[in-house]
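Next comes my_file_18.txt, a file with compact mmCIF, C-alpha atoms.
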```
# COMPACT_ATOMS: atom_id res chain seq x y z
CA MET A 1 31.17 58.88 36.76
CA ASN A 2 34.41 58.32 34.95
CA ASP A 3 33.19 54.97 33.89
CA LEU A 4 31.13 56.75 31.28
CA LYS A 5 34.32 57.55 29.51
CA SER A 6 36.00 54.21 29.94
CA GLN A 7 32.75 52.61 28.93
CA ALA A 8 32.78 54.66 25.78
CA SER A 9 36.23 53.56 24.80
CA ARG A 10 35.41 49.94 25.38
CA THR A 11 32.04 49.96 23.75
CA ALA A 12 31.78 50.45 20.05
CA VAL A 13 28.35 51.99 19.93
CA ALA A 14 26.01 50.08 17.71
CA GLY A 15 24.60 51.65 14.60
CA LYS A 16 27.69 53.39 13.30
CA PRO A 17 30.34 51.53 11.37
CA GLY A 18 33.45 51.48 13.44
CA GLY A 19 31.64 52.85 16.48
CA LEU A 20 31.80 56.33 17.90
CA ASN A 21 35.10 57.73 18.79
CA THR A 22 36.13 58.47 22.31
CA GLU A 23 36.12 62.19 21.83
CA ILE A 24 32.47 62.28 20.85
CA GLN A 25 31.59 60.00 23.72
CA SER A 26 33.36 62.18 26.21
CA ARG A 27 31.72 65.31 24.81
CA ILE A 28 28.33 63.73 25.28
CA GLY A 29 29.23 62.71 28.80
CA HIS A 30 30.57 66.15 29.57
CA GLN A 31 27.49 67.97 28.30
CA LEU A 32 25.16 65.60 30.05
CA ARG A 33 26.87 66.20 33.37
CA ALA A 34 27.15 69.93 32.79
CA MET A 35 23.41 70.16 32.26
CA TYR A 36 22.68 68.00 35.26
CA ASP A 37 25.17 69.60 37.60
CA ASP A 38 23.84 73.01 36.76
CA VAL A 39 20.69 72.02 38.61
CA VAL A 40 22.47 70.11 41.36
CA ARG A 41 24.51 73.20 42.18
CA GLN A 42 21.33 75.11 42.97
CA GLY A 43 21.20 73.11 46.18
CA VAL A 44 18.03 72.55 48.15
CA PRO A 45 15.30 75.16 47.64
CA ASP A 46 13.74 76.44 50.84
CA ARG A 47 10.38 74.89 50.08
CA PHE A 48 11.87 71.43 50.51
CA VAL A 49 13.59 72.30 53.74
CA GLU A 50 10.26 73.57 55.07
CA LEU A 51 8.45 70.55 53.76
CA ILE A 52 10.67 67.99 55.41
CA ARG A 53 10.47 69.82 58.71
CA LYS A 54 6.71 69.70 58.64
CA LEU A 55 6.41 66.08 57.71
CA ASP A 56 6.09 63.40 60.28
CA GLY A 57 6.61 59.73 59.88
CA PRO A 58 4.40 57.22 58.14
CA VAL A 59 0.68 57.61 58.61
CA PRO A 60 -0.90 54.23 59.29
CA PRO A 61 -3.32 53.71 56.42
CA ASP A 62 -6.11 52.00 58.31
CA ASP A 63 -6.00 52.47 62.07
CA SER A 64 -6.44 55.70 64.04
CA GLY A 65 -4.04 57.74 61.98
CA SER A 66 -6.22 60.81 61.64
CA GLY A 67 -5.19 63.09 64.45
CA SER A 68 -1.65 62.36 65.46
CA ALA A 69 0.61 61.03 62.80
CA SER A 70 3.68 61.57 64.91
CA ASN A 71 4.81 58.29 66.28
CA THR A 72 8.37 59.26 65.54
CA ASN A 73 10.92 61.55 66.98
CA ASP A 74 10.27 64.86 68.60
CA GLY A 75 13.90 65.77 68.75
CA ARG A 76 13.67 67.96 65.72
CA ASP A 77 13.91 71.69 65.88
CA MET B 1 12.04 52.43 59.86
CA PRO B 2 11.09 55.61 61.73
CA LEU B 3 11.72 58.96 60.19
CA THR B 4 14.81 59.96 62.09
CA ASP B 5 16.57 63.29 61.81
CA SER B 6 19.41 61.67 59.96
CA LEU B 7 17.00 60.17 57.49
CA ARG B 8 15.46 63.59 56.94
CA ASP B 9 18.94 64.93 56.29
CA ASP B 10 19.67 62.12 53.89
CA ILE B 11 16.47 62.75 51.98
CA LEU B 12 17.23 66.46 51.78
CA ALA B 13 20.74 65.73 50.60
CA THR B 14 19.26 63.82 47.68
CA VAL B 15 16.96 66.69 46.68
CA PRO B 16 19.44 68.46 44.37
CA SER B 17 19.99 65.37 42.25
CA LEU B 18 16.31 64.45 42.38
CA ARG B 19 15.56 67.89 40.94
CA ALA B 20 18.16 67.48 38.24
CA PHE B 21 16.71 64.11 37.32
CA ALA B 22 13.16 65.48 37.38
CA ILE B 23 14.07 68.40 35.14
CA SER B 24 15.82 66.06 32.76
CA LEU B 25 12.70 63.94 32.57
CA SER B 26 10.05 66.60 32.43
CA GLY B 27 11.90 69.46 30.75
CA ASN B 28 10.11 71.88 33.05
CA ALA B 29 11.47 73.22 36.32
CA ASP B 30 8.14 73.91 37.98
CA ARG B 31 6.81 70.52 37.19
CA ALA B 32 10.08 69.02 38.29
CA ASP B 33 9.79 70.61 41.70
CA ASP B 34 6.24 69.36 42.04
CA LEU B 35 7.53 65.89 41.21
CA VAL B 36 10.24 66.19 43.84
CA GLN B 37 7.74 67.34 46.43
CA GLU B 38 5.40 64.47 45.61
CA THR B 39 8.35 62.10 45.81
CA MET B 40 9.21 63.32 49.29
CA LEU B 41 5.62 62.95 50.45
CA ARG B 42 5.40 59.43 49.07
CA ALA B 43 8.77 58.48 50.47
CA ILE B 44 7.92 59.63 53.95
CA ALA B 45 4.47 58.09 53.88
CA ASN B 46 6.11 54.81 52.91
CA ILE B 47 9.29 55.11 54.89
CA ASP B 48 8.43 51.80 56.57
CA SER B 49 9.23 50.03 53.34
CA PHE B 50 12.68 51.53 53.10
CA GLN B 51 15.36 49.09 54.18
CA PRO B 52 17.83 50.79 56.50
CA GLY B 53 21.29 50.70 54.99
CA SER B 54 20.04 50.22 51.47
CA ASN B 55 20.50 52.77 48.74
CA LEU B 56 18.32 55.75 49.67
CA PRO B 57 18.96 57.78 46.50
CA ALA B 58 18.06 54.79 44.34
CA TRP B 59 14.87 54.30 46.35
CA LEU B 60 13.91 57.97 45.98
CA PHE B 61 14.75 58.01 42.27
CA THR B 62 12.53 54.96 41.81
CA ILE B 63 9.61 56.76 43.43
CA LEU B 64 10.17 59.87 41.35
CA ARG B 65 10.47 57.93 38.14
CA ASN B 66 7.28 55.99 38.81
CA LEU B 67 5.43 59.19 39.62
CA PHE B 68 6.65 60.75 36.43
CA ARG B 69 5.68 57.74 34.37
CA SER B 70 2.15 57.62 35.72
CA ASP B 71 1.80 61.37 35.32
CA TYR B 72 3.23 61.17 31.84
CA ARG B 73 0.60 58.73 30.70
CA LYS B 74 -2.09 61.14 31.74
CA ARG B 75 -0.83 64.27 30.14
CA ARG B 76 1.71 64.36 27.39
CA ARG B 77 4.96 66.10 27.79
CA GLU B 78 4.75 69.75 26.76
CA VAL B 79 6.66 69.71 23.53
CA GLU B 80 7.19 73.43 23.32
CA ASP B 81 9.46 73.18 26.29
CA ALA B 82 11.90 71.24 24.21
CA ASP B 83 12.71 74.36 22.26
CA GLY B 84 14.53 76.41 24.78
CA ASN B 85 12.37 77.30 27.73
CA TYR B 86 14.45 74.88 29.68
CA ALA B 87 17.45 77.16 29.94
CA LYS B 88 15.28 80.02 31.14
CA THR B 89 14.09 77.90 34.01
CA LEU B 90 17.57 77.60 35.37
CA LYS B 91 18.85 80.07 37.87
CA THR B 92 22.36 79.67 36.60
CA GLN B 93 22.50 80.40 32.93
CA PRO B 94 25.22 78.65 31.03
CA ALA B 95 28.00 80.84 29.77
CA GLN B 96 27.14 82.62 26.55
CA SER B 97 29.73 80.84 24.49
CA ALA B 98 28.46 77.47 25.56
CA HIS B 99 24.85 78.48 25.33
CA LEU B 100 24.12 77.35 21.81
CA GLU B 101 25.78 74.01 22.24
CA PHE B 102 23.94 73.56 25.51
CA GLU B 103 20.62 74.27 23.83
CA GLU B 104 21.36 71.91 21.00
CA PHE B 105 22.26 69.22 23.44
CA ARG B 106 19.10 69.76 25.42
CA VAL B 107 16.93 69.57 22.32
CA ALA B 108 18.69 66.44 21.12
CA LEU B 109 18.32 64.81 24.52
CA ASP B 110 14.66 65.62 24.41
CA LYS B 111 14.23 63.76 21.15
CA LEU B 112 15.39 60.50 22.63
CA PRO B 113 12.79 57.94 23.56
CA GLN B 114 11.97 58.26 27.21
CA ASP B 115 13.42 54.86 28.14
CA GLN B 116 16.74 55.75 26.59
CA ARG B 117 16.84 59.25 27.99
CA GLU B 118 16.28 58.16 31.56
CA ALA B 119 18.80 55.34 31.29
CA LEU B 120 21.44 57.69 29.93
CA ILE B 121 20.81 60.28 32.63
CA LEU B 122 20.85 57.78 35.47
CA VAL B 123 24.12 56.23 34.36
CA GLY B 124 25.83 59.15 32.68
CA ALA B 125 24.82 62.05 34.91
CA SER B 126 23.42 60.77 38.20
CA GLY B 127 26.30 58.35 38.48
CA PHE B 128 24.28 55.25 39.27
CA SER B 129 25.69 51.86 38.44
CA TYR B 130 24.01 49.90 35.69
CA GLU B 131 22.62 47.66 38.41
CA ASP B 132 21.06 50.53 40.34
CA ALA B 133 19.71 52.07 37.15
CA ALA B 134 18.13 48.73 36.30
CA THR B 135 16.49 48.59 39.72
CA ILE B 136 15.21 52.15 39.35
CA CYS B 137 13.75 51.44 35.93
CA GLY B 138 12.50 47.98 36.81
CA CYS B 139 14.30 46.22 34.00
CA ALA B 140 17.30 43.99 33.36
CA VAL B 141 20.87 45.28 33.53
CA GLY B 142 21.41 44.32 29.90
CA THR B 143 18.39 46.38 28.92
CA ILE B 144 19.85 49.45 30.62
CA LYS B 145 23.17 48.91 28.88
CA SER B 146 21.59 48.72 25.48
CA ARG B 147 19.39 51.74 26.15
CA VAL B 148 22.40 53.77 27.22
CA ASN B 149 24.33 52.71 24.14
CA ARG B 150 21.47 53.52 21.82
CA ALA B 151 20.98 56.87 23.51
CA ARG B 152 24.64 57.78 23.07
CA SER B 153 24.62 56.64 19.52
CA LYS B 154 21.55 58.71 18.67
CA LEU B 155 22.86 61.79 20.43
CA ALA B 156 26.13 61.51 18.56
CA ALA B 157 24.29 61.16 15.29
CA MET B 158 22.13 64.19 16.03
CA LEU B 159 24.84 66.42 17.39
CA TYR B 160 28.12 65.53 15.81
CA VAL B 161 27.63 63.64 12.59
CA ASP B 162 24.45 65.13 11.26
CA GLY B 163 26.17 66.07 8.06
CA ALA B 164 26.12 62.35 7.41
CA GLU B 165 23.67 62.52 4.52
CA ASP B 166 25.80 65.06 2.74
CA PHE B 167 28.98 63.10 3.05
CA GLY B 168 27.82 59.64 2.25
CA PRO B 169 28.71 56.65 4.38
CA ASP B 170 32.41 56.43 3.53
CA GLU B 171 33.08 60.04 4.35
CA THR B 172 31.15 59.68 7.56
CA VAL B 173 33.21 56.76 8.68
CA ARG B 174 36.39 58.58 7.82
CA ALA B 175 35.24 61.72 9.63
CA VAL B 176 34.28 59.74 12.70
CA MET B 177 37.44 57.69 12.69
CA GLY B 178 39.60 60.74 12.10
CA GLY B 179 40.89 60.13 8.60
CA SER B 180 42.98 57.40 6.98
CA GLY B 181 40.49 56.09 4.50
CA GLY B 182 41.34 53.57 1.81
```

Render the structure in this file as structure tokens.
Amino acid sequence: MNDLKSQASRTAVAGKPGGLNTEIQSRIGHQLRAMYDDVVRQGVPDRFVELIRKLDGPVPPDDSGSGSASNTNDGRD
Amino acid sequence: MPLTDSLRDDILATVPSLRAFAISLSGNADRADDLVQETMLRAIANIDSFQPGSNLPAWLFTILRNLFRSDYRKRRREVEDADGNYAKTLKTQPAQSAHLEFEEFRVALDKLPQDQREALILVGASGFSYEDAATICGCAVGTIKSRVNRARSKLAAMLYVDGAEDFGPDETVRAVMGGSGG
């Protein structure tokens, strides 16, 4: 993720004479990650844990896939 | 490949960043979670096409992005959400002092063209390489690079140099460069 910053210092961003300075670039990078990480830190909501437990492997699209879709593991708890 | 327990774990481990990406795209937490759920269903239904040892997060992000794009064409993004409902959807509110800046950033991000916004998020927040981001978006690496650069440039213009019209070009350059004009 640090390459955002180094990228910023290397790349004079088009459209502005002289490019954007490193401080602005790093502020953008910082805010972007702050916003994103705010959600990441919420972890995995229960509904997704439940969902993945319930799901079995791929359902064959054409042949006898109606009743038992579980051709995979049964070692899950 | 079969859906092993470790693959389930790996998919779950990607959920937090999938949600963050989905919220960034859709601007709406409920819709984002629906997108993530749909992504998981699609991924597992198509797990046969996942190459073991390849980049699972990139594969999942690709599915989510494609779902969002097809959904997006059907119903337009709810514009009112750009104005501040986003923060309310978060469980963790940003600190009060940072709140305004956070909101401004969110609104500015929302104004970017979708191509640029997703490129910037994938590279700048999700931490994907330009190559992975290009794979996820189905375009060339150079295209991702230019989208990211344009996105940064526009954000900077919106957030940090939007007094530009008042100053005139010379002042703007001097302000951006930190002084020493001629």

Which residues of chain B come within 8 Å of chain A, and what is each one's closest atom pair and distance in Å (one decimal), counting all atoms listed in the file, sorted by chain and residue number, as a tab-separated table?
```
residue	atom	partner	partner_atom	distance
B:Pro2	CA	A:Thr72	CA	5.9
B:Leu3	CA	A:Gly57	CA	5.2
B:Thr4	CA	A:Asn73	CA	6.4
B:Asp5	CA	A:Arg76	CA	6.7
B:Arg8	CA	A:Ile52	CA	6.7
B:Leu12	CA	A:Val44	CA	7.1
B:Ala13	CA	A:Val44	CA	7.7
B:Val15	CA	A:Val44	CA	6.1
B:Pro16	CA	A:Val40	CA	4.6
B:Ser17	CA	A:Val40	CA	5.4
B:Arg19	CA	A:Val39	CA	7.0
B:Ala20	CA	A:Val39	CA	5.2
B:Phe21	CA	A:Tyr36	CA	7.4
B:Ser24	CA	A:Tyr36	CA	7.6
B:Gln37	CA	A:Phe48	CA	7.1
B:Met40	CA	A:Ile52	CA	7.8
B:Leu41	CA	A:Leu55	CA	7.9
B:Ile44	CA	A:Pro58	CA	6.0
B:Ala45	CA	A:Pro58	CA	4.3
B:Asn46	CA	A:Pro58	CA	6.0
B:Ile47	CA	A:Pro58	CA	6.2
B:Asp48	CA	A:Pro58	CA	6.9
B:Leu90	CA	A:Val39	CA	7.2
B:Lys91	CA	A:Gln42	CA	7.5
B:Thr92	CA	A:Asp38	CA	6.8
B:Phe102	CA	A:Gln31	CA	7.2
B:Phe105	CA	A:Gln31	CA	7.2
B:Ile121	CA	A:Leu32	CA	7.3
B:Val123	CA	A:Leu4	CA	7.7
B:Gly124	CA	A:Leu4	CA	6.0
B:Ala125	CA	A:Arg33	CA	4.9
B:Ser126	CA	A:Tyr36	CA	7.8
B:Gly127	CA	A:Met1	CA	5.2
B:Asn149	CA	A:Val13	CA	5.9
B:Arg150	CA	A:Ala14	CA	7.0
B:Arg152	CA	A:Gln25	CA	7.3
B:Ser153	CA	A:Val13	CA	6.0
B:Leu155	CA	A:Ile28	CA	7.6
B:Ala156	CA	A:Ile24	CA	6.8
B:Tyr160	CA	A:Ile24	CA	7.4
B:Val173	CA	A:Pro17	CA	6.5
B:Val176	CA	A:Asn21	CA	6.5
B:Met177	CA	A:Asn21	CA	6.5
```

How would the residues just picked look written out with C-alpha atoms as a PDB file, keeping the file's coordinate frame?
```
ATOM      1  CA  PRO B   2      11.090  55.610  61.730  1.00  0.00           C
ATOM      2  CA  LEU B   3      11.720  58.960  60.190  1.00  0.00           C
ATOM      3  CA  THR B   4      14.810  59.960  62.090  1.00  0.00           C
ATOM      4  CA  ASP B   5      16.570  63.290  61.810  1.00  0.00           C
ATOM      5  CA  ARG B   8      15.460  63.590  56.940  1.00  0.00           C
ATOM      6  CA  LEU B  12      17.230  66.460  51.780  1.00  0.00           C
ATOM      7  CA  ALA B  13      20.740  65.730  50.600  1.00  0.00           C
ATOM      8  CA  VAL B  15      16.960  66.690  46.680  1.00  0.00           C
ATOM      9  CA  PRO B  16      19.440  68.460  44.370  1.00  0.00           C
ATOM     10  CA  SER B  17      19.990  65.370  42.250  1.00  0.00           C
ATOM     11  CA  ARG B  19      15.560  67.890  40.940  1.00  0.00           C
ATOM     12  CA  ALA B  20      18.160  67.480  38.240  1.00  0.00           C
ATOM     13  CA  PHE B  21      16.710  64.110  37.320  1.00  0.00           C
ATOM     14  CA  SER B  24      15.820  66.060  32.760  1.00  0.00           C
ATOM     15  CA  GLN B  37       7.740  67.340  46.430  1.00  0.00           C
ATOM     16  CA  MET B  40       9.210  63.320  49.290  1.00  0.00           C
ATOM     17  CA  LEU B  41       5.620  62.950  50.450  1.00  0.00           C
ATOM     18  CA  ILE B  44       7.920  59.630  53.950  1.00  0.00           C
ATOM     19  CA  ALA B  45       4.470  58.090  53.880  1.00  0.00           C
ATOM     20  CA  ASN B  46       6.110  54.810  52.910  1.00  0.00           C
ATOM     21  CA  ILE B  47       9.290  55.110  54.890  1.00  0.00           C
ATOM     22  CA  ASP B  48       8.430  51.800  56.570  1.00  0.00           C
ATOM     23  CA  LEU B  90      17.570  77.600  35.370  1.00  0.00           C
ATOM     24  CA  LYS B  91      18.850  80.070  37.870  1.00  0.00           C
ATOM     25  CA  THR B  92      22.360  79.670  36.600  1.00  0.00           C
ATOM     26  CA  PHE B 102      23.940  73.560  25.510  1.00  0.00           C
ATOM     27  CA  PHE B 105      22.260  69.220  23.440  1.00  0.00           C
ATOM     28  CA  ILE B 121      20.810  60.280  32.630  1.00  0.00           C
ATOM     29  CA  VAL B 123      24.120  56.230  34.360  1.00  0.00           C
ATOM     30  CA  GLY B 124      25.830  59.150  32.680  1.00  0.00           C
ATOM     31  CA  ALA B 125      24.820  62.050  34.910  1.00  0.00           C
ATOM     32  CA  SER B 126      23.420  60.770  38.200  1.00  0.00           C
ATOM     33  CA  GLY B 127      26.300  58.350  38.480  1.00  0.00           C
ATOM     34  CA  ASN B 149      24.330  52.710  24.140  1.00  0.00           C
ATOM     35  CA  ARG B 150      21.470  53.520  21.820  1.00  0.00           C
ATOM     36  CA  ARG B 152      24.640  57.780  23.070  1.00  0.00           C
ATOM     37  CA  SER B 153      24.620  56.640  19.520  1.00  0.00           C
ATOM     38  CA  LEU B 155      22.860  61.790  20.430  1.00  0.00           C
ATOM     39  CA  ALA B 156      26.130  61.510  18.560  1.00  0.00           C
ATOM     40  CA  TYR B 160      28.120  65.530  15.810  1.00  0.00           C
ATOM     41  CA  VAL B 173      33.210  56.760   8.680  1.00  0.00           C
ATOM     42  CA  VAL B 176      34.280  59.740  12.700  1.00  0.00           C
ATOM     43  CA  MET B 177      37.440  57.690  12.690  1.00  0.00           C
TER      44      MET B 177
END
```

Would you work out the distance separating atom CA of Gln114 of chain B from atom CA of Glu101 of chain B, expressed in Å to one decimal?
->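 Separation between atom CA of Gln114 of chain B and atom CA of Glu101 of chain B: 21.5 Å.
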
Using all atoms listed in the file: which of B:Glu118, B:Asp132, B:Ser146, B:Asp10 has the shortest distance to Gly53 of chain B |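 Closest residue, counting all atoms listed in the file: B:Asp10.
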
Residue with the minimum atom-to-atom distance to Ala140 of chain B, picked from B:Ala119, B:Met158, B:Leu56, B:Ile11 with only C-alpha atoms counted, is B:Ala119

Between atom CA of Leu60 of chain B and atom CA of Glu103 of chain B, distance in Å (one decimal) =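 Here the two named atoms are 28.3 Å from each other.
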
Quick one: 6 Å padding each side, axis-aligned, all listed atoms of segment 21-28 of chain A - centre and edge lengths in Å to one decimal, as JSON?
```
{"center_x": 32.2, "center_y": 61.5, "center_z": 22.5, "size_x": 19.8, "size_y": 19.6, "size_z": 19.4}
```

Quote the spacing between atom CA of Leu120 of chain B and atom CA of Val148 of chain B in Å to one decimal place.
-> 4.9 Å

Would you mind listing what lies within 10 Å of Ala134 of chain B as a ChimeraX atom specification, with all atoms listed in the file counted and same-chain residues fewer than 2 positions away left out?
-> /B:119,122-123,128-132,136-145
